[in-house]
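Participant: Have a peek at protein10.cif (mmCIF, C-alpha atoms and all ligand atoms).
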```
data_query
loop_
_atom_site.label_atom_id
_atom_site.label_comp_id
_atom_site.auth_asym_id
_atom_site.auth_seq_id
_atom_site.Cartn_x
_atom_site.Cartn_y
_atom_site.Cartn_z
CA MET A 28 -54.70 172.48 11.85
CA THR A 29 -52.36 170.25 9.85
CA LYS A 30 -48.73 171.17 9.20
CA PRO A 31 -47.53 170.95 5.58
CA LEU A 32 -44.70 168.49 4.94
CA ASN A 33 -43.04 169.11 1.59
CA VAL A 34 -42.10 165.89 -0.16
CA GLY A 35 -39.86 165.11 -3.11
CA VAL A 36 -40.15 161.65 -4.63
CA ILE A 37 -37.24 160.25 -6.65
CA GLY A 38 -38.25 157.68 -9.25
CA CYS A 39 -41.43 157.53 -11.28
CA GLY A 40 -41.79 153.81 -11.99
CA PHE A 41 -44.01 151.28 -10.18
CA MET A 42 -42.81 152.36 -6.73
CA GLY A 43 -42.90 156.06 -7.59
CA ARG A 44 -46.61 155.57 -8.30
CA THR A 45 -47.33 153.66 -5.09
CA HIS A 46 -45.60 156.37 -3.04
CA SER A 47 -47.30 159.22 -4.91
CA ASN A 48 -50.69 157.61 -4.33
CA ALA A 49 -49.96 157.19 -0.61
CA LEU A 50 -48.88 160.83 -0.30
CA LEU A 51 -52.08 161.98 -1.97
CA ARG A 52 -54.42 159.78 0.03
CA VAL A 53 -52.96 159.46 3.51
CA ASN A 54 -54.79 162.42 5.07
CA ASN A 55 -58.09 161.27 3.57
CA PHE A 56 -57.99 158.21 5.79
CA PHE A 57 -55.79 159.00 8.79
CA ASP A 58 -55.99 161.88 11.29
CA LEU A 59 -52.46 163.23 11.28
CA GLU A 60 -50.66 166.35 12.29
CA TYR A 61 -48.67 166.40 9.04
CA GLN A 62 -50.12 166.87 5.58
CA PRO A 63 -47.75 165.83 2.76
CA VAL A 64 -47.48 168.28 -0.11
CA LEU A 65 -46.37 166.73 -3.40
CA LYS A 66 -43.70 169.32 -4.05
CA ALA A 67 -41.52 167.64 -6.67
CA ILE A 68 -41.06 164.45 -8.64
CA CYS A 69 -37.55 163.67 -9.79
CA ALA A 70 -36.36 161.10 -12.32
CA LEU A 71 -33.96 160.56 -15.16
CA GLU A 72 -36.79 160.60 -17.67
CA GLU A 73 -37.50 162.51 -20.85
CA GLU A 74 -38.87 165.86 -19.79
CA SER A 75 -42.23 165.29 -21.49
CA LYS A 76 -42.76 162.01 -19.58
CA LEU A 77 -41.78 163.61 -16.30
CA LYS A 78 -44.10 166.55 -16.91
CA ALA A 79 -46.95 164.15 -17.67
CA PHE A 80 -46.23 162.19 -14.46
CA ALA A 81 -46.11 165.42 -12.44
CA SER A 82 -49.44 166.56 -13.81
CA GLN A 83 -51.10 163.13 -13.44
CA TRP A 84 -50.18 162.91 -9.75
CA GLY A 85 -50.42 166.59 -8.92
CA TYR A 86 -46.76 167.45 -8.27
CA GLU A 87 -46.02 171.17 -8.13
CA SER A 88 -42.69 170.79 -9.93
CA TYR A 89 -40.20 168.31 -11.33
CA GLU A 90 -36.44 167.83 -11.32
CA THR A 91 -34.23 165.69 -13.54
CA ASP A 92 -31.27 165.62 -11.13
CA TRP A 93 -31.73 164.30 -7.58
CA HIS A 94 -28.82 166.44 -6.28
CA ARG A 95 -30.82 169.49 -7.24
CA LEU A 96 -33.91 168.15 -5.45
CA ILE A 97 -31.96 167.50 -2.26
CA GLU A 98 -30.42 170.99 -2.35
CA ARG A 99 -33.85 172.58 -2.35
CA ASP A 100 -34.81 174.32 0.92
CA ASP A 101 -38.50 173.79 0.26
CA ILE A 102 -38.21 169.96 0.57
CA ASP A 103 -38.60 168.33 4.01
CA GLN A 104 -38.83 164.70 3.02
CA ILE A 105 -37.27 162.53 0.32
CA GLU A 106 -38.81 159.24 -0.83
CA ILE A 107 -36.42 157.00 -2.75
CA CYS A 108 -38.08 154.82 -5.40
CA THR A 109 -35.05 154.33 -7.64
CA PRO A 110 -33.01 151.22 -8.51
CA ASN A 111 -31.07 149.67 -5.62
CA ASN A 112 -27.59 150.81 -6.67
CA THR A 113 -28.58 154.48 -6.24
CA HIS A 114 -30.00 154.23 -2.70
CA LYS A 115 -26.79 154.72 -0.74
CA GLU A 116 -25.60 157.89 -2.42
CA ILE A 117 -29.04 159.50 -2.30
CA VAL A 118 -29.57 158.56 1.36
CA ILE A 119 -26.21 159.96 2.45
CA ALA A 120 -26.80 163.25 0.62
CA ALA A 121 -30.39 163.53 1.86
CA ALA A 122 -29.33 162.82 5.46
CA LYS A 123 -26.61 165.50 5.26
CA ALA A 124 -29.26 167.92 4.01
CA GLY A 125 -31.42 167.08 7.04
CA LYS A 126 -34.34 165.52 5.14
CA ASN A 127 -36.66 162.81 6.44
CA ILE A 128 -36.07 159.70 4.32
CA ILE A 129 -38.28 156.84 3.22
CA CYS A 130 -36.32 154.35 1.12
CA GLU A 131 -37.64 151.48 -0.97
CA LYS A 132 -36.44 147.96 -0.22
CA PRO A 133 -33.92 146.44 -0.32
CA LEU A 134 -32.21 149.25 1.54
CA ALA A 135 -28.86 148.68 -0.18
CA LEU A 136 -26.74 146.38 -2.31
CA SER A 137 -25.04 144.91 0.77
CA ALA A 138 -24.97 145.08 4.55
CA ALA A 139 -21.78 147.14 4.40
CA GLU A 140 -23.56 149.79 2.33
CA ALA A 141 -26.62 149.65 4.57
CA GLU A 142 -24.39 150.18 7.65
CA GLU A 143 -23.01 153.38 6.08
CA MET A 144 -26.56 154.53 5.44
CA CYS A 145 -27.54 153.83 9.06
CA VAL A 146 -24.58 155.87 10.30
CA ALA A 147 -25.53 158.74 7.94
CA VAL A 148 -29.14 158.99 9.15
CA GLU A 149 -28.18 158.46 12.80
CA GLU A 150 -25.47 161.15 12.73
CA ALA A 151 -27.84 163.56 11.02
CA GLY A 152 -30.69 162.57 13.38
CA VAL A 153 -33.18 162.35 10.53
CA PRO A 154 -36.30 160.16 10.65
CA ASN A 155 -35.98 157.16 8.33
CA LEU A 156 -37.96 154.15 7.20
CA VAL A 157 -37.38 151.19 4.87
CA SER A 158 -40.53 150.62 2.87
CA PHE A 159 -41.29 146.98 3.68
CA ASN A 160 -44.94 147.53 2.81
CA TYR A 161 -46.20 144.02 3.58
CA ARG A 162 -45.90 144.67 7.33
CA ARG A 163 -48.87 146.95 6.68
CA VAL A 164 -51.17 144.25 5.29
CA PRO A 165 -53.83 144.06 8.04
CA ALA A 166 -53.76 140.23 8.00
CA ILE A 167 -49.98 140.26 8.56
CA SER A 168 -50.39 142.84 11.35
CA LEU A 169 -52.94 140.46 12.88
CA ALA A 170 -50.43 137.60 12.63
CA LYS A 171 -47.97 139.76 14.61
CA GLN A 172 -50.65 140.51 17.19
CA LEU A 173 -51.49 136.80 17.61
CA VAL A 174 -47.80 135.93 18.05
CA ASP A 175 -47.42 138.71 20.65
CA GLU A 176 -50.52 137.48 22.47
CA GLY A 177 -48.91 134.06 22.81
CA ARG A 178 -51.43 132.34 20.55
CA VAL A 179 -48.74 130.49 18.61
CA GLY A 180 -46.64 129.68 21.65
CA LYS A 181 -43.25 128.06 21.37
CA PRO A 182 -42.43 128.16 17.64
CA PHE A 183 -41.12 125.10 15.80
CA HIS A 184 -41.37 125.85 12.07
CA TYR A 185 -41.47 128.91 9.81
CA ARG A 186 -42.14 128.27 6.12
CA ALA A 187 -42.08 131.01 3.49
CA THR A 188 -42.45 131.13 -0.27
CA TYR A 189 -42.24 134.10 -2.61
CA LEU A 190 -42.93 133.10 -6.21
CA GLN A 191 -43.41 135.00 -9.46
CA ASP A 192 -43.12 134.00 -13.15
CA TRP A 193 -42.37 137.11 -15.16
CA THR A 194 -38.76 136.33 -16.22
CA ILE A 195 -39.22 132.85 -17.69
CA SER A 196 -38.98 133.94 -21.33
CA THR A 197 -35.41 134.11 -22.64
CA ASP A 198 -36.51 137.17 -24.64
CA VAL A 199 -36.85 139.34 -21.52
CA PRO A 200 -33.84 141.69 -21.67
CA GLN A 201 -31.87 142.76 -18.63
CA GLY A 202 -31.32 146.38 -17.68
CA GLY A 203 -33.27 149.57 -18.21
CA ASN A 204 -36.74 150.48 -17.08
CA THR A 205 -38.16 148.00 -14.47
CA LEU A 206 -35.90 145.30 -15.96
CA TRP A 207 -32.96 146.63 -13.96
CA ARG A 208 -34.08 143.97 -11.46
CA LEU A 209 -32.34 141.45 -13.76
CA ASP A 210 -29.07 143.38 -13.87
CA ALA A 211 -26.80 142.42 -10.94
CA LYS A 212 -24.81 145.67 -11.15
CA VAL A 213 -27.97 147.65 -10.48
CA ALA A 214 -30.06 145.27 -8.35
CA GLY A 215 -27.24 143.66 -6.34
CA SER A 216 -28.95 140.27 -6.49
CA GLY A 217 -32.03 138.66 -7.99
CA VAL A 218 -34.85 137.14 -5.99
CA THR A 219 -32.79 137.28 -2.80
CA GLY A 220 -32.79 141.08 -2.54
CA ASP A 221 -36.04 141.66 -4.38
CA LEU A 222 -38.42 139.02 -3.01
CA LEU A 223 -36.76 137.16 -0.14
CA ALA A 224 -35.97 140.52 1.47
CA HIS A 225 -39.74 140.85 2.01
CA SER A 226 -40.01 137.28 3.35
CA ILE A 227 -37.07 137.81 5.71
CA ASP A 228 -38.43 141.11 7.03
CA THR A 229 -41.80 139.49 7.75
CA ALA A 230 -40.19 136.37 9.23
CA GLU A 231 -37.94 138.28 11.63
CA TRP A 232 -40.80 140.58 12.60
CA LEU A 233 -43.00 137.62 13.49
CA ASN A 234 -40.49 135.06 14.67
CA GLY A 235 -37.39 136.99 15.75
CA PRO A 236 -33.83 137.01 14.39
CA ILE A 237 -32.43 134.36 12.08
CA ARG A 238 -29.18 132.92 13.44
CA SER A 239 -27.78 130.99 10.46
CA VAL A 240 -28.63 129.97 6.91
CA VAL A 241 -27.65 127.52 4.19
CA ALA A 242 -28.70 128.40 0.66
CA LYS A 243 -28.72 127.27 -2.95
CA THR A 244 -29.30 129.70 -5.80
CA GLU A 245 -29.83 129.06 -9.52
CA THR A 246 -29.68 131.18 -12.66
CA PHE A 247 -31.80 129.41 -15.26
CA VAL A 248 -31.19 131.79 -18.17
CA LYS A 249 -27.46 132.38 -18.33
CA GLN A 250 -27.37 135.19 -20.92
CA ARG A 251 -29.76 137.96 -21.85
CA MET A 252 -29.66 140.94 -24.10
CA HIS A 253 -28.84 144.09 -22.15
CA ALA A 254 -31.39 146.79 -22.90
CA GLU A 255 -28.80 149.55 -22.57
CA THR A 256 -25.90 148.09 -24.58
CA GLY A 257 -27.95 145.99 -27.02
CA LYS A 258 -25.41 143.18 -26.42
CA VAL A 259 -26.04 139.68 -25.08
CA GLU A 260 -24.41 139.64 -21.64
CA PRO A 261 -24.06 137.05 -18.86
CA VAL A 262 -26.85 137.10 -16.28
CA ARG A 263 -25.44 137.34 -12.77
CA ILE A 264 -28.56 137.51 -10.65
CA ASP A 265 -30.15 134.57 -8.83
CA ASP A 266 -33.37 133.58 -10.64
CA ALA A 267 -34.31 131.27 -7.77
CA CYS A 268 -33.09 130.80 -4.23
CA MET A 269 -33.92 128.27 -1.56
CA PHE A 270 -32.55 128.46 1.93
CA LEU A 271 -32.85 126.76 5.30
CA ALA A 272 -32.67 128.89 8.42
CA VAL A 273 -32.28 128.43 12.15
CA PHE A 274 -33.86 131.17 14.24
CA GLU A 275 -32.42 132.46 17.53
CA ASN A 276 -35.53 131.04 19.27
CA GLY A 277 -34.56 127.53 18.10
CA SER A 278 -37.24 127.16 15.43
CA MET A 279 -36.38 126.02 11.89
CA GLY A 280 -37.23 127.87 8.69
CA THR A 281 -37.50 127.02 5.00
CA PHE A 282 -37.64 129.77 2.40
CA GLU A 283 -38.17 129.40 -1.34
CA SER A 284 -38.24 132.12 -3.97
CA SER A 285 -38.31 132.05 -7.75
CA ARG A 286 -39.32 134.11 -10.75
CA TYR A 287 -39.80 130.85 -12.68
CA ALA A 288 -42.90 129.51 -10.92
CA ARG A 289 -45.28 129.46 -13.89
CA GLY A 290 -48.69 130.82 -12.89
CA ARG A 291 -47.51 132.46 -9.67
CA LYS A 292 -47.70 136.24 -9.94
CA ASN A 293 -47.01 137.55 -6.46
CA TYR A 294 -47.37 134.43 -4.34
CA ASN A 295 -45.95 135.50 -1.00
CA THR A 296 -46.91 133.08 1.76
CA PHE A 297 -45.83 132.12 5.24
CA GLU A 298 -46.82 129.53 7.79
CA LEU A 299 -45.73 129.50 11.41
CA ASN A 300 -46.27 126.35 13.49
CA GLY A 301 -46.05 126.62 17.27
CA GLU A 302 -46.97 124.53 20.29
CA ALA A 303 -50.17 126.52 20.96
CA GLY A 304 -51.26 127.17 17.38
CA SER A 305 -50.39 127.86 13.75
CA LEU A 306 -50.78 130.76 11.30
CA PHE A 307 -50.94 130.81 7.50
CA PHE A 308 -51.03 133.78 5.11
CA ASP A 309 -51.07 134.08 1.29
CA LEU A 310 -50.68 137.48 -0.37
CA GLU A 311 -52.75 136.33 -3.36
CA ASP A 312 -55.64 136.00 -0.87
CA PRO A 313 -54.63 138.96 1.31
CA GLN A 314 -57.85 139.60 3.20
CA TYR A 315 -57.52 136.38 5.16
CA LEU A 316 -55.36 135.07 7.96
CA ASP A 317 -55.73 131.37 8.75
CA TYR A 318 -55.30 130.39 12.39
CA PHE A 319 -55.30 127.02 14.08
CA GLN A 320 -55.75 127.14 17.85
CA TYR A 321 -54.56 124.20 19.91
CA SER A 322 -54.48 125.68 23.40
CA ASN A 323 -55.63 128.68 25.40
CA PRO A 324 -52.82 131.28 25.52
CA SER A 325 -53.53 132.36 29.13
CA THR A 326 -54.13 128.99 30.80
CA GLY A 327 -52.23 126.74 28.40
CA ASP A 328 -55.24 124.36 28.53
CA LYS A 329 -55.89 122.35 25.41
CA VAL A 330 -58.99 123.58 23.57
CA GLU A 331 -58.91 120.95 20.85
CA ASP A 332 -62.10 118.93 20.48
CA HIS A 333 -64.26 117.52 17.64
CA LEU A 334 -64.96 121.08 16.34
CA THR A 335 -61.33 122.07 16.13
CA GLY A 336 -59.97 123.12 12.77
CA TRP A 337 -58.32 125.94 10.90
CA LYS A 338 -60.20 129.23 11.22
CA ARG A 339 -60.21 131.67 8.26
CA ILE A 340 -60.33 135.18 9.67
CA HIS A 341 -61.60 137.78 7.21
CA VAL A 342 -59.43 140.65 8.37
CA THR A 343 -61.82 143.55 7.75
CA ASN A 344 -63.25 144.33 11.18
CA PHE A 345 -62.75 147.66 12.95
CA GLU A 346 -60.70 145.76 15.56
CA HIS A 347 -58.15 144.82 12.91
CA GLN A 348 -55.20 147.16 12.51
CA TYR A 349 -55.79 149.99 10.00
CA MET A 350 -59.29 148.75 9.12
CA ASP A 351 -61.13 151.33 11.25
CA ARG A 352 -59.65 153.98 8.91
CA TYR A 353 -61.38 152.61 5.82
CA TRP A 354 -64.82 151.23 5.04
CA VAL A 355 -67.12 148.94 7.04
CA PRO A 356 -66.53 145.31 8.11
CA GLY A 357 -66.49 142.98 5.13
CA CYS A 358 -65.27 145.66 2.72
CA THR A 359 -61.69 145.08 1.71
CA ILE A 360 -58.64 147.22 1.02
CA GLY A 361 -55.82 146.45 -1.45
CA TYR A 362 -52.13 146.56 -2.32
CA GLU A 363 -51.96 150.35 -2.55
CA HIS A 364 -53.28 150.71 1.00
CA THR A 365 -50.18 149.00 2.41
CA PHE A 366 -48.21 152.06 1.27
CA ILE A 367 -50.81 154.45 2.67
CA ASN A 368 -50.71 152.60 6.01
CA GLY A 369 -46.91 152.67 6.05
CA LEU A 370 -46.80 156.38 5.34
CA ALA A 371 -49.42 157.00 8.05
CA ASP A 372 -47.25 155.10 10.54
CA PHE A 373 -44.21 157.12 9.50
CA LEU A 374 -46.05 160.44 9.88
CA LYS A 375 -47.45 159.34 13.26
CA GLY A 376 -43.85 158.57 14.27
CA LEU A 377 -42.86 162.16 13.41
CA GLU A 378 -45.75 163.40 15.53
CA THR A 379 -45.17 161.21 18.58
CA GLY A 380 -41.38 160.88 18.43
CA VAL A 381 -41.72 157.07 18.42
CA PRO A 382 -40.16 156.10 15.07
CA ALA A 383 -42.11 153.82 12.75
CA GLN A 384 -40.41 150.50 12.00
CA PRO A 385 -38.47 149.13 10.23
CA ASP A 386 -36.10 152.06 10.39
CA PHE A 387 -32.76 151.71 8.60
CA ARG A 388 -31.06 150.10 11.61
CA SER A 389 -33.78 147.48 11.75
CA GLY A 390 -33.78 147.09 7.92
CA LEU A 391 -30.04 146.38 8.12
CA ARG A 392 -30.92 143.00 9.67
CA THR A 393 -32.57 141.88 6.43
CA GLN A 394 -29.54 143.02 4.48
CA LYS A 395 -27.27 140.92 6.71
CA VAL A 396 -29.41 137.85 6.18
CA CYS A 397 -29.40 138.45 2.39
CA ASP A 398 -25.59 138.73 2.44
CA ALA A 399 -25.34 135.49 4.43
CA ILE A 400 -27.66 133.69 1.96
CA LEU A 401 -25.58 134.75 -1.05
CA GLU A 402 -22.35 133.87 0.73
CA SER A 403 -23.73 130.46 1.72
CA ALA A 404 -24.84 129.76 -1.86
CA ARG A 405 -21.34 130.69 -3.02
CA ILE A 406 -19.43 128.50 -0.57
CA GLY A 407 -22.02 125.74 -0.13
CA GLN A 408 -21.95 125.90 3.67
CA TRP A 409 -23.97 127.16 6.63
CA VAL A 410 -23.27 130.84 7.38
CA GLU A 411 -23.91 132.60 10.70
CA ILE A 412 -25.58 136.02 10.48
CA ALA A 413 -22.91 138.60 11.35
C1 LIG B 501 -40.85 142.47 -8.26
O1 LIG B 501 -41.59 142.01 -9.33
C2 LIG B 501 -41.72 143.26 -7.29
O2 LIG B 501 -42.22 144.39 -7.95
C3 LIG B 501 -40.90 143.67 -6.07
O3 LIG B 501 -39.84 144.54 -6.43
C4 LIG B 501 -41.80 144.30 -5.04
O4 LIG B 501 -41.07 144.63 -3.88
C5 LIG B 501 -42.89 143.28 -4.71
O5 LIG B 501 -43.71 143.79 -3.71
C6 LIG B 501 -43.70 142.95 -5.93
O6 LIG B 501 -42.81 142.43 -6.88
#
```
Starting from the file, give its structure as structure tokens.

Facilitator:
Amino acid sequence: MTKPLNVGVIGCGFMGRTHSNALLRVNNFFDLEYQPVLKAICALEEESKLKAFASQWGYESYETDWHRLIERDDIDQIEICTPNNTHKEIVIAAAKAGKNIICEKPLALSAAEAEEMCVAVEEAGVPNLVSFNYRRVPAISLAKQLVDEGRVGKPFHYRATYLQDWTISTDVPQGGNTLWRLDAKVAGSGVTGDLLAHSIDTAEWLNGPIRSVVAKTETFVKQRMHAETGKVEPVRIDDACMFLAVFENGSMGTFESSRYARGRKNYNTFELNGEAGSLFFDLEDPQYLDYFQYSNPSTGDKVEDHLTGWKRIHVTNFEHQYMDRYWVPGCTIGYEHTFINGLADFLKGLETGVPAQPDFRSGLRTQKVCDAILESARIGQWVEIA
């Protein structure tokens, strides 16, 4: 017998859809004690649009004011899919009301805000998760497993890129629907909070904490029309950011992110080079993890010979994390499944009492690194992570 878990989702854009889909599908694929019920969708939308969204995704009701949603006794869990500048207030209210909370990334506009949010959920004792969905790509889970098994060994280099190209045109306005990502007041930062936050979360998960960074940011288009005011306004987000990092384990990192990399749509890659082996992943080819083995992790003996080379692992076997829940080996899953997998982990955490990660406290790390990057770009010096 499953237990119903009544969910209210706030936001009905791109992320509102990914979360709605996960809520609908999770029990089809995972055996879980809890069964989400799509109780209410909430957004600041025209009523007709909201009604259409509710009916398309099967929500029982809709709300136009998130305060009202949080006050409702028939809601157990809140999922926050709204612009970044709204996260803190919603989280604090939802925590006070005793709701479980899943919040989209980046958790907050700054580490100071994120700290307040951590305190709120910890004082209220409510389960919480930051939705860094790429941890739930099976090939990235496999990378984590290989690191934990010692197959990379002592790490030397971590190299990440996160490239897109959708803001190159000077005609793209800032502000409003989806384009709030270009408005610093709403997004907090540009590629640093939006894209590098993903790269940092993955990097720290695989390679441990970053100790210090030095960064350079650039804003290529200095002014854009603001969709809400109709006026041309200065652009204050970072369009591109490059930073160097030193990890606590002594390895060195390079990170590059841009929304001006013509032809790159969601090119999120990483490579980790260690003494025993190397790993490479590319989100535009997400079914594969590339692995180079130099030595045996248990004996340390060199295994390199004339057949040695990079191995492309098609991550679709039942042995690969999450893949036994889906089809048969060789048959792939996609972007939307990373949200289903994340929700399944969260619901399992409710069941077992072992919280899914990254919870807010762990997500705060990424926020601190983002703050340090922006500070370093501002002062032109290395900055230690607080
Ligand atoms: C930005 O274009 C964006 O939608 C990010 O906000 C998401 O987090 C990323 O996964 C895809 O790109």

Participant: Which is closer to ligand LIG 501 (chain B) than all the others in A:Ala224, A:Ile37, A:Met144, A:Ile264, using all atoms listed in the file?

Facilitator: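 For ligand LIG 501 (chain B), the nearest of the given residues is A:Ala224.
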
Participant: List all protein, DNA and RNA residues that have at least one atom no more than 8 Å from any atom of ligand LIG 501 (chain B), counting all atoms listed in the file, and write them as a list in words.

Facilitator: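 Going residue by residue within 8 Å of ligand LIG 501 (chain B), we get Phe41, Lys132, Phe159, Asn160, Tyr161, Gln191, Trp193, Arg208, Asp221, Leu222, His225 and Asn293 of chain A.
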
Participant: Just the selected residues (C-alpha atoms), exported as a CSV table (one decimal), in the coordinates of the input, please.

Facilitator:
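The resulting file, again_21.csv, is reproduced below:
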```
chain,number,residue,atom,x,y,z
A,41,PHE,CA,-44.0,151.3,-10.2
A,132,LYS,CA,-36.4,148.0,-0.2
A,159,PHE,CA,-41.3,147.0,3.7
A,160,ASN,CA,-44.9,147.5,2.8
A,161,TYR,CA,-46.2,144.0,3.6
A,191,GLN,CA,-43.4,135.0,-9.5
A,193,TRP,CA,-42.4,137.1,-15.2
A,208,ARG,CA,-34.1,144.0,-11.5
A,221,ASP,CA,-36.0,141.7,-4.4
A,222,LEU,CA,-38.4,139.0,-3.0
A,225,HIS,CA,-39.7,140.8,2.0
A,293,ASN,CA,-47.0,137.6,-6.5
```

Participant: Can you tell me which residues surround Thr343 in chain A at a distance of at most 7 Å, considering all atoms listed in the file, apart from same-chain residues fewer than 2 positions away, and format the answer as a PyMOL selection string?

Facilitator: chain A and resi 341+345+347+350+356-359

Participant: Can I get the selection written as a JSON list (two decimals), keeping the file's coordinate frame, with C-alpha atoms?

Facilitator:
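After the write, part.json holds the following:
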```
[["chain", "number", "residue", "atom", "x", "y", "z"],
["A", 341, "HIS", "CA", -61.60, 137.78, 7.21],
["A", 345, "PHE", "CA", -62.75, 147.66, 12.95],
["A", 347, "HIS", "CA", -58.15, 144.82, 12.91],
["A", 350, "MET", "CA", -59.29, 148.75, 9.12],
["A", 356, "PRO", "CA", -66.53, 145.31, 8.11],
["A", 357, "GLY", "CA", -66.49, 142.98, 5.13],
["A", 358, "CYS", "CA", -65.27, 145.66, 2.72],
["A", 359, "THR", "CA", -61.69, 145.08, 1.71]]
```

Participant: So which one's closest to Thr113 in chain A, A:Tyr287, A:Tyr189, A:Trp207, A:Phe56? Using all atoms listed in the file, please.

Facilitator: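 Among the listed residues, A:Trp207 lies closest to Thr113 in chain A.
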
Participant: Name all residues at most 10 Å from range 377-383 of chain A (count only C-alpha atoms; drop same-chain ones fewer than 3 positions away) and give them as a PDB file with C-alpha atoms, keeping the file's coordinate frame.

Facilitator:
```pdb
ATOM      1  CA  LEU A  59     -52.460 163.230  11.280  1.00  0.00           C
ATOM      2  CA  GLU A  60     -50.660 166.350  12.290  1.00  0.00           C
ATOM      3  CA  TYR A  61     -48.670 166.400   9.040  1.00  0.00           C
ATOM      4  CA  ASN A 127     -36.660 162.810   6.440  1.00  0.00           C
ATOM      5  CA  PRO A 154     -36.300 160.160  10.650  1.00  0.00           C
ATOM      6  CA  ASN A 155     -35.980 157.160   8.330  1.00  0.00           C
ATOM      7  CA  LEU A 156     -37.960 154.150   7.200  1.00  0.00           C
ATOM      8  CA  VAL A 157     -37.380 151.190   4.870  1.00  0.00           C
ATOM      9  CA  GLY A 369     -46.910 152.670   6.050  1.00  0.00           C
ATOM     10  CA  LEU A 370     -46.800 156.380   5.340  1.00  0.00           C
ATOM     11  CA  ALA A 371     -49.420 157.000   8.050  1.00  0.00           C
ATOM     12  CA  ASP A 372     -47.250 155.100  10.540  1.00  0.00           C
ATOM     13  CA  PHE A 373     -44.210 157.120   9.500  1.00  0.00           C
ATOM     14  CA  LEU A 374     -46.050 160.440   9.880  1.00  0.00           C
ATOM     15  CA  ASP A 386     -36.100 152.060  10.390  1.00  0.00           C
TER      16      ASP A 386
END
```

Participant: Just checking: using only C-alpha atoms, which residue out of A:Arg162, A:Lys329, A:Lys249, A:Arg286 ends up closest to Cys268 in chain A?

Facilitator: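 So, comparing all the options, the nearest one is A:Arg286.
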
Participant: Between A:Leu169, A:Cys397, A:Ile105, A:Ala413, which is the closest to Leu134 in chain A once you count all atoms listed in the file?

Facilitator: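 Of all the options, A:Cys397 lies closest to Leu134 in chain A.
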
Participant: Please report the interatomic distance between CA of Thr197 in chain A and CA of Asp265 in chain A in Å with one decimal.

Facilitator: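 Straight-line distance from CA of Thr197 in chain A to CA of Asp265 in chain A works out to 14.8 Å.
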
Participant: How many Å lie between CA of Tyr353 in chain A and CA of Ile367 in chain A, rounded to one decimal?

Facilitator: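 According to the coordinates, CA of Tyr353 in chain A and CA of Ile367 in chain A are separated by 11.2 Å.
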
Participant: So which one's closest to Ile412 in chain A, A:Ile360, A:Ala67, A:Leu50, A:Val241? Using all atoms listed in the file, please.

Facilitator: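 Result for the nearest residue to Ile412 in chain A: A:Val241.
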
Participant: May I have the residues within 9 Å of Arg263 in chain A as a PyMOL selection string, using only C-alpha atoms and disregarding those fewer than 4 positions away in the same chain?

Facilitator: chain A and resi 209-212+216-217+246+249-250

Participant: Pick the closest to Arg251 in chain A from A:Gln394, A:Leu401, A:Gln201, A:His184: which is it, counting only C-alpha atoms?

Facilitator: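 Closest to Arg251 in chain A, using only C-alpha atoms: A:Gln201.
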